[in-house]
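Trainee: Following this message is one structure expressed as structure tokens.
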Amino acid sequence: MRLLCLLAILCLPAQVVHSADTEYTISPDSVFRHIVILASDSLEGREVGEPGEWKAAQYITSVFRRLGVEPKGSEGSYLQEFNFIKRIDMGPKNRLEMNGQPLEPEEDFKPLFHSVNAAFEFNEIIDVGYGIINDDSSHNDYEGTDVEGKAVLVRRFTPESEAGLDTTLEQYSSIASKISTALEHKAGGVFFITPEKHDDSVRSTGVMRVKAKDIPIVLLHRRALEKLGLDVSRPSISSLVGETNLVHVRDTGYNVIGYLPGQTESTIVIGAHYDHLGWGGPASRYHGKEKKIHRGADDNGSGVAALLELARRFAPRMDNMRHSLLFIAFSGEEAGLLGSSHFVRNWTVDRDKATMMINMDMIGRLD
């Protein structure tokens with residue numbers, strides 16, 4: 001994919017320009033200068049919604065302005081802002097009684113990000129094992145059960161066979177998959193427990209990738225089961241009464257958009273996301289205790305540097321360009337394609353005039 005992207009970039013001058021003197025040549029040093037700035041500590045990893053993202057947006061804007069690239073963001077500026085869910089916090093109304101005994105939020109139970117905000121009362125809780133139905137239904141934890149409108153008790157992960165974990169069921173083991181299966185069977189609520197051999201915590205995959213459902217979805221920690229003297233492997237739960245309350249904290253991110261008009265309105269879109277992971281988080285492969293800046297030199301300082309250099313290459317050659325060029329530095333890619341999703345719903349040029357797009361992501365190496 002990276003090789004195809006580089007080939008497309010190399011072929012672009014011949015497609016766009018009739019003829020012109022080569023007034024500017026892209027070099028490794030000119031690309032590197034952009035990357036040094038974008039990956040500097042002062043930008044703190046360019047996480048969407050953070051000061052580093054704003055600094056990076058201002059740098060890209062300054063380059064566009066210096067080159068004479070026209071602004072094509074919102075209201076005559078280079079910036080196109082979009083709102084997003086930055087994080088999901090526990091609200092003050094979370095409460096739960098299990099078998100008539102009160103439990104503590106966070107310590108004993110936790111509503112998952114998929115949960116609705118609602119009060120609930122369940123006096124029938126159906127144990128559906130691991131809550132898995134595989135494609136050929138040879139494993140069906142819901143067989144012979146009617147869970148419509150009732151709470152289901154679901155174990156995380158997969159069951160064990162004599163050889164250990166049943167890896168054939170691994171593709172059905174995610175929390176999201178088990179929630180979908182419960183919803184297909186019209187469950188009124190989903191309550192997860194964790195088998196003894198596994199970590200009882202839940203690692204977030206990022207709140208922007210979570211779509212809230214219409215039912216309460218809660219993790220019951222082992223501590224809660226032990227607190228009530230229940231068997232942690234097969235707890236006998238007769239009632240669950242409470243309320244789930246999650247607070248969506250919103251923030252703003254920014255796409256940076258510039259335009260070079262050609263001889264026709266036929267437009268080639270050149271894009272690259274400029275955000276990265278900030279100081280880490282759910283998407284990072286670094287799990288050390290000490291936070292570290294994730295500089296994102298390749299992901300995606302390299303793509304943004306190429307975008308800026310292409311703008312610099314073509315800015316003095318507009319009069320000779322067959323096609324118009326739309327340069328978009330997207331933000332929020334790491335959080336779930338937020339900026340690009342917003343743009344395709346809110347074009348700042350005539351979308352019918354767009355003939356192709358080149359997207360550059362992690363082009364700094366060919367491995």
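Residue numbers start at 1 in each chain; chains themselves are named A, B, ... in the order of the structure tokens; ligands are numbered from 1 in the order shown.
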Counting only C-alpha atoms, which residues of stretch 311-353 of chain A fall within 12 Å of stretch 57-68 of chain A, and what is the closest atom pair for each with its distance in Å at one decimal, ordered by chain and rising number, as CSV?

Mentor:
```
residue,atom,partner,partner_atom,distance
A:Ala311,CA,A:Phe64,CA,7.6
A:Arg312,CA,A:Leu67,CA,6.3
A:Arg313,CA,A:Leu67,CA,9.5
A:Phe314,CA,A:Leu67,CA,9.4
A:Ala315,CA,A:Leu67,CA,6.3
A:Pro316,CA,A:Leu67,CA,8.1
A:Arg317,CA,A:Leu67,CA,11.3
A:Met318,CA,A:Gly68,CA,10.5
A:Leu326,CA,A:Phe64,CA,11.5
A:Phe327,CA,A:Phe64,CA,9.3
A:Ile328,CA,A:Ile60,CA,10.0
A:Ala329,CA,A:Ile60,CA,8.0
A:Phe330,CA,A:Ala57,CA,9.5
A:Ser331,CA,A:Ala57,CA,8.9
```

Trainee: Could you take the residues named above and write them with N, CA and C atoms, as a short mmCIF file (atom, residue, chain, number, x, y, z; two decimals), in the first residue's frame?

Mentor:
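Output (selection_31.cif):
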```
data_model
loop_
_atom_site.label_atom_id
_atom_site.label_comp_id
_atom_site.auth_asym_id
_atom_site.auth_seq_id
_atom_site.Cartn_x
_atom_site.Cartn_y
_atom_site.Cartn_z
N ALA A 311 2.21 20.64 -1.82
CA ALA A 311 1.61 21.98 -1.92
C ALA A 311 2.68 22.99 -2.33
N ARG A 312 3.85 22.86 -1.75
CA ARG A 312 4.95 23.78 -2.09
C ARG A 312 5.40 23.59 -3.53
N ARG A 313 5.37 22.36 -3.99
CA ARG A 313 5.76 22.05 -5.36
C ARG A 313 4.81 22.70 -6.38
N PHE A 314 3.50 22.61 -6.10
CA PHE A 314 2.51 23.02 -7.10
C PHE A 314 2.03 24.46 -6.95
N ALA A 315 2.24 25.08 -5.79
CA ALA A 315 1.74 26.45 -5.57
C ALA A 315 2.20 27.43 -6.65
N PRO A 316 3.48 27.43 -7.06
CA PRO A 316 3.89 28.39 -8.09
C PRO A 316 3.54 27.96 -9.51
N ARG A 317 2.89 26.79 -9.64
CA ARG A 317 2.61 26.24 -10.96
C ARG A 317 1.12 26.16 -11.25
N MET A 318 0.32 26.92 -10.50
CA MET A 318 -1.14 26.83 -10.63
C MET A 318 -1.61 27.11 -12.06
N LEU A 326 -6.96 19.89 -3.81
CA LEU A 326 -7.49 20.14 -2.47
C LEU A 326 -6.63 19.38 -1.48
N PHE A 327 -5.95 20.12 -0.61
CA PHE A 327 -5.07 19.52 0.40
C PHE A 327 -5.81 19.48 1.73
N ILE A 328 -5.92 18.28 2.32
CA ILE A 328 -6.62 18.14 3.60
C ILE A 328 -5.74 17.42 4.60
N ALA A 329 -5.39 18.11 5.68
CA ALA A 329 -4.73 17.48 6.82
C ALA A 329 -5.83 17.14 7.83
N PHE A 330 -6.15 15.87 7.93
CA PHE A 330 -7.23 15.43 8.80
C PHE A 330 -6.75 15.27 10.24
N SER A 331 -7.64 15.49 11.17
CA SER A 331 -7.36 15.17 12.57
C SER A 331 -8.34 14.10 13.05
#
```

Trainee: Could you pull the residues within 6 Å of stretch 144-160 of chain A, counting only C-alpha atoms, minus those fewer than 4 positions along the same chain, as a PyMOL selection string?

Mentor: chain A and resi 125-131+164-166+173+186-194

Trainee: Quick one: pull the distance between atom CA of A:Met321 and atom CA of A:Gln263, Å, one decimal.

Mentor: 6.0 Å

Trainee: Could you please write out, as a PyMOL selection string, every residue of stretch 125-310 of chain A that DSSP assigns to strand (DSSP E)?

Mentor: chain A and resi 125-127+151-155+160-161+164-165+189-193+217-220+240-244+246-260+267-273

Trainee: Can you write out the residues you just picked, keeping N, CA and C atoms, as a compact mmCIF listing (two decimals), in the first residue's frame?

Mentor:
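Below you can see part_22.txt, which holds the result:
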```
# COMPACT_ATOMS: atom_id res chain seq x y z
N ILE A 125 -32.62 -13.31 36.15
CA ILE A 125 -31.31 -13.21 35.52
C ILE A 125 -30.96 -14.56 34.93
N ILE A 126 -30.76 -14.60 33.63
CA ILE A 126 -30.50 -15.85 32.92
C ILE A 126 -29.00 -16.01 32.68
N ASP A 127 -28.44 -17.10 33.20
CA ASP A 127 -27.03 -17.39 32.98
C ASP A 127 -26.88 -18.03 31.60
N ALA A 151 -32.47 -9.93 32.15
CA ALA A 151 -31.02 -9.72 32.24
C ALA A 151 -30.30 -11.02 31.94
N VAL A 152 -29.19 -10.92 31.22
CA VAL A 152 -28.37 -12.11 30.98
C VAL A 152 -27.03 -11.94 31.69
N LEU A 153 -26.57 -13.03 32.27
CA LEU A 153 -25.27 -13.06 32.93
C LEU A 153 -24.30 -13.73 31.97
N VAL A 154 -23.26 -13.02 31.59
CA VAL A 154 -22.34 -13.47 30.54
C VAL A 154 -20.91 -13.48 31.05
N ARG A 155 -20.22 -14.60 30.82
CA ARG A 155 -18.80 -14.67 31.16
C ARG A 155 -17.96 -14.08 30.02
N GLU A 160 -12.94 -23.08 28.40
CA GLU A 160 -11.73 -23.89 28.29
C GLU A 160 -12.09 -25.32 27.98
N SER A 161 -11.26 -25.93 27.14
CA SER A 161 -11.37 -27.36 26.87
C SER A 161 -10.25 -28.06 27.63
N GLY A 164 -7.02 -26.45 27.06
CA GLY A 164 -6.91 -25.04 27.41
C GLY A 164 -8.03 -24.23 26.80
N LEU A 165 -7.76 -22.96 26.50
CA LEU A 165 -8.78 -22.10 25.91
C LEU A 165 -9.20 -22.62 24.55
N GLY A 189 -30.90 -6.54 29.51
CA GLY A 189 -29.69 -6.02 30.13
C GLY A 189 -28.60 -7.07 30.05
N VAL A 190 -27.34 -6.64 30.05
CA VAL A 190 -26.22 -7.56 29.98
C VAL A 190 -25.29 -7.28 31.16
N PHE A 191 -24.99 -8.32 31.93
CA PHE A 191 -24.12 -8.20 33.09
C PHE A 191 -22.97 -9.20 32.94
N PHE A 192 -21.76 -8.66 32.83
CA PHE A 192 -20.58 -9.49 32.59
C PHE A 192 -19.91 -9.86 33.91
N ILE A 193 -19.37 -11.07 33.95
CA ILE A 193 -18.47 -11.47 35.02
C ILE A 193 -17.21 -12.03 34.37
N ILE A 217 -25.59 -2.13 30.42
CA ILE A 217 -24.52 -3.10 30.21
C ILE A 217 -23.47 -2.85 31.29
N VAL A 218 -23.25 -3.82 32.15
CA VAL A 218 -22.49 -3.61 33.38
C VAL A 218 -21.48 -4.74 33.58
N LEU A 219 -20.30 -4.39 34.07
CA LEU A 219 -19.34 -5.39 34.52
C LEU A 219 -19.47 -5.55 36.02
N LEU A 220 -19.71 -6.79 36.46
CA LEU A 220 -19.73 -7.11 37.89
C LEU A 220 -18.35 -7.63 38.27
N LEU A 240 -31.31 -7.74 40.29
CA LEU A 240 -30.38 -6.66 40.00
C LEU A 240 -31.20 -5.39 39.82
N VAL A 241 -31.01 -4.44 40.72
CA VAL A 241 -31.78 -3.20 40.70
C VAL A 241 -30.81 -2.02 40.78
N GLY A 242 -30.96 -1.07 39.90
CA GLY A 242 -30.05 0.07 39.96
C GLY A 242 -30.23 1.05 38.83
N GLU A 243 -29.13 1.75 38.53
CA GLU A 243 -29.14 2.77 37.47
C GLU A 243 -27.74 2.92 36.90
N THR A 244 -27.67 3.06 35.58
CA THR A 244 -26.40 3.34 34.91
C THR A 244 -26.38 4.80 34.50
N LEU A 246 -23.60 7.43 32.64
CA LEU A 246 -22.33 7.77 32.01
C LEU A 246 -22.41 9.18 31.45
N VAL A 247 -21.33 9.94 31.58
CA VAL A 247 -21.27 11.32 31.11
C VAL A 247 -20.33 11.40 29.92
N HIS A 248 -20.85 11.85 28.80
CA HIS A 248 -20.03 12.01 27.59
C HIS A 248 -19.40 13.40 27.60
N VAL A 249 -18.09 13.44 27.68
CA VAL A 249 -17.35 14.71 27.67
C VAL A 249 -16.92 15.00 26.23
N ARG A 250 -17.36 16.12 25.69
CA ARG A 250 -17.11 16.44 24.29
C ARG A 250 -15.97 17.44 24.13
N ASP A 251 -15.37 17.44 22.95
CA ASP A 251 -14.27 18.35 22.65
C ASP A 251 -14.32 18.69 21.16
N THR A 252 -13.36 19.49 20.71
CA THR A 252 -13.33 19.94 19.32
C THR A 252 -11.99 19.60 18.68
N GLY A 253 -12.04 19.11 17.46
CA GLY A 253 -10.84 18.87 16.67
C GLY A 253 -10.90 19.69 15.39
N TYR A 254 -9.80 19.70 14.64
CA TYR A 254 -9.70 20.58 13.47
C TYR A 254 -9.06 19.88 12.28
N ASN A 255 -9.77 19.85 11.15
CA ASN A 255 -9.12 19.57 9.87
C ASN A 255 -8.52 20.86 9.35
N VAL A 256 -7.43 20.75 8.59
CA VAL A 256 -6.80 21.91 7.95
C VAL A 256 -6.89 21.71 6.44
N ILE A 257 -7.52 22.66 5.74
CA ILE A 257 -7.84 22.45 4.33
C ILE A 257 -7.36 23.62 3.49
N GLY A 258 -6.62 23.32 2.44
CA GLY A 258 -6.14 24.33 1.50
C GLY A 258 -6.45 23.93 0.06
N TYR A 259 -6.43 24.91 -0.84
CA TYR A 259 -6.89 24.68 -2.21
C TYR A 259 -6.02 25.44 -3.20
N LEU A 260 -5.63 24.75 -4.27
CA LEU A 260 -4.94 25.38 -5.39
C LEU A 260 -5.81 25.22 -6.63
N THR A 267 -11.13 18.17 -9.49
CA THR A 267 -10.31 18.31 -8.28
C THR A 267 -9.71 16.98 -7.84
N ILE A 268 -8.42 17.01 -7.56
CA ILE A 268 -7.73 15.88 -6.95
C ILE A 268 -7.55 16.21 -5.47
N VAL A 269 -8.00 15.32 -4.62
CA VAL A 269 -7.88 15.50 -3.17
C VAL A 269 -6.61 14.81 -2.69
N ILE A 270 -5.78 15.53 -1.98
CA ILE A 270 -4.56 14.97 -1.40
C ILE A 270 -4.69 15.08 0.12
N GLY A 271 -4.70 13.94 0.80
CA GLY A 271 -4.97 13.94 2.23
C GLY A 271 -3.92 13.20 3.05
N ALA A 272 -3.84 13.56 4.31
CA ALA A 272 -3.00 12.87 5.29
C ALA A 272 -3.48 13.30 6.68
N HIS A 273 -3.58 12.36 7.60
CA HIS A 273 -3.97 12.76 8.96
C HIS A 273 -2.74 13.25 9.71
```

Trainee: Report the distance between atom CA of A:Phe120 and atom CA of A:Leu96 in Å, rounded to one decimal place.

Mentor: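 We find that atom CA of A:Phe120 and atom CA of A:Leu96 lie 9.3 Å from each other.
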
Trainee: Using DSSP on the backbone coordinates, identify the residues of stretch 58-177 of chain A assigned to alpha helix (DSSP H); present them as a PyMOL selection string.

Mentor: chain A and resi 58-67+175-177

Trainee: Within 8 Å of stretch 343-352 of chain A, counting only C-alpha atoms, which residues show up once you throw out same-chain ones fewer than 5 positions away? Write them as a PyMOL selection string, please.

Mentor: chain A and resi 72-74

Trainee: Based on the selection just made, write all heavy atoms of those residues as a PDB file, in the first residue's frame.

Mentor:
```
ATOM      1  N   LYS A  72      -9.764  26.635   2.488  1.00  0.00           N
ATOM      2  CA  LYS A  72     -11.012  25.971   2.109  1.00  0.00           C
ATOM      3  C   LYS A  72     -11.639  25.258   3.301  1.00  0.00           C
ATOM      4  O   LYS A  72     -12.312  24.245   3.149  1.00  0.00           O
ATOM      5  CB  LYS A  72     -10.760  24.974   0.983  1.00  0.00           C
ATOM      6  CG  LYS A  72     -10.744  25.597  -0.407  1.00  0.00           C
ATOM      7  CD  LYS A  72     -12.123  26.123  -0.806  1.00  0.00           C
ATOM      8  CE  LYS A  72     -12.056  26.781  -2.188  1.00  0.00           C
ATOM      9  NZ  LYS A  72     -13.388  27.322  -2.565  1.00  0.00           N
ATOM     10  N   GLY A  73     -11.421  25.819   4.487  1.00  0.00           N
ATOM     11  CA  GLY A  73     -12.090  25.276   5.663  1.00  0.00           C
ATOM     12  C   GLY A  73     -13.443  25.920   5.842  1.00  0.00           C
ATOM     13  O   GLY A  73     -14.148  26.207   4.871  1.00  0.00           O
ATOM     14  N   SER A  74     -13.812  26.197   7.066  1.00  0.00           N
ATOM     15  CA  SER A  74     -15.106  26.813   7.366  1.00  0.00           C
ATOM     16  C   SER A  74     -14.975  28.326   7.433  1.00  0.00           C
ATOM     17  O   SER A  74     -13.969  28.853   7.934  1.00  0.00           O
ATOM     18  CB  SER A  74     -15.644  26.284   8.701  1.00  0.00           C
ATOM     19  OG  SER A  74     -15.745  24.871   8.677  1.00  0.00           O
TER      20      SER A  74
END
```

Trainee: Pick out the residues sitting within 6 Å of A:Val31, and hand them over as number ranges by chain; count only C-alpha atoms, and ignore anything fewer than 3 positions along from it in its own chain.

Mentor: A: 28, 34, 305

Trainee: Those residues with N, CA and C atoms, as a JSON list (two decimals), in the first residue's frame please?

Mentor:
```json
[["chain", "number", "residue", "atom", "x", "y", "z"],
["A", 28, "PRO", "N", 14.85, 14.91, 0.50],
["A", 28, "PRO", "CA", 14.74, 14.31, 1.84],
["A", 28, "PRO", "C", 14.86, 15.35, 2.95],
["A", 34, "HIS", "N", 9.87, 19.29, 8.06],
["A", 34, "HIS", "CA", 8.48, 19.29, 8.55],
["A", 34, "HIS", "C", 8.31, 18.25, 9.67],
["A", 305, "ALA", "N", 4.15, 15.74, 5.96],
["A", 305, "ALA", "CA", 5.31, 16.38, 5.32],
["A", 305, "ALA", "C", 5.22, 16.27, 3.81]]
```
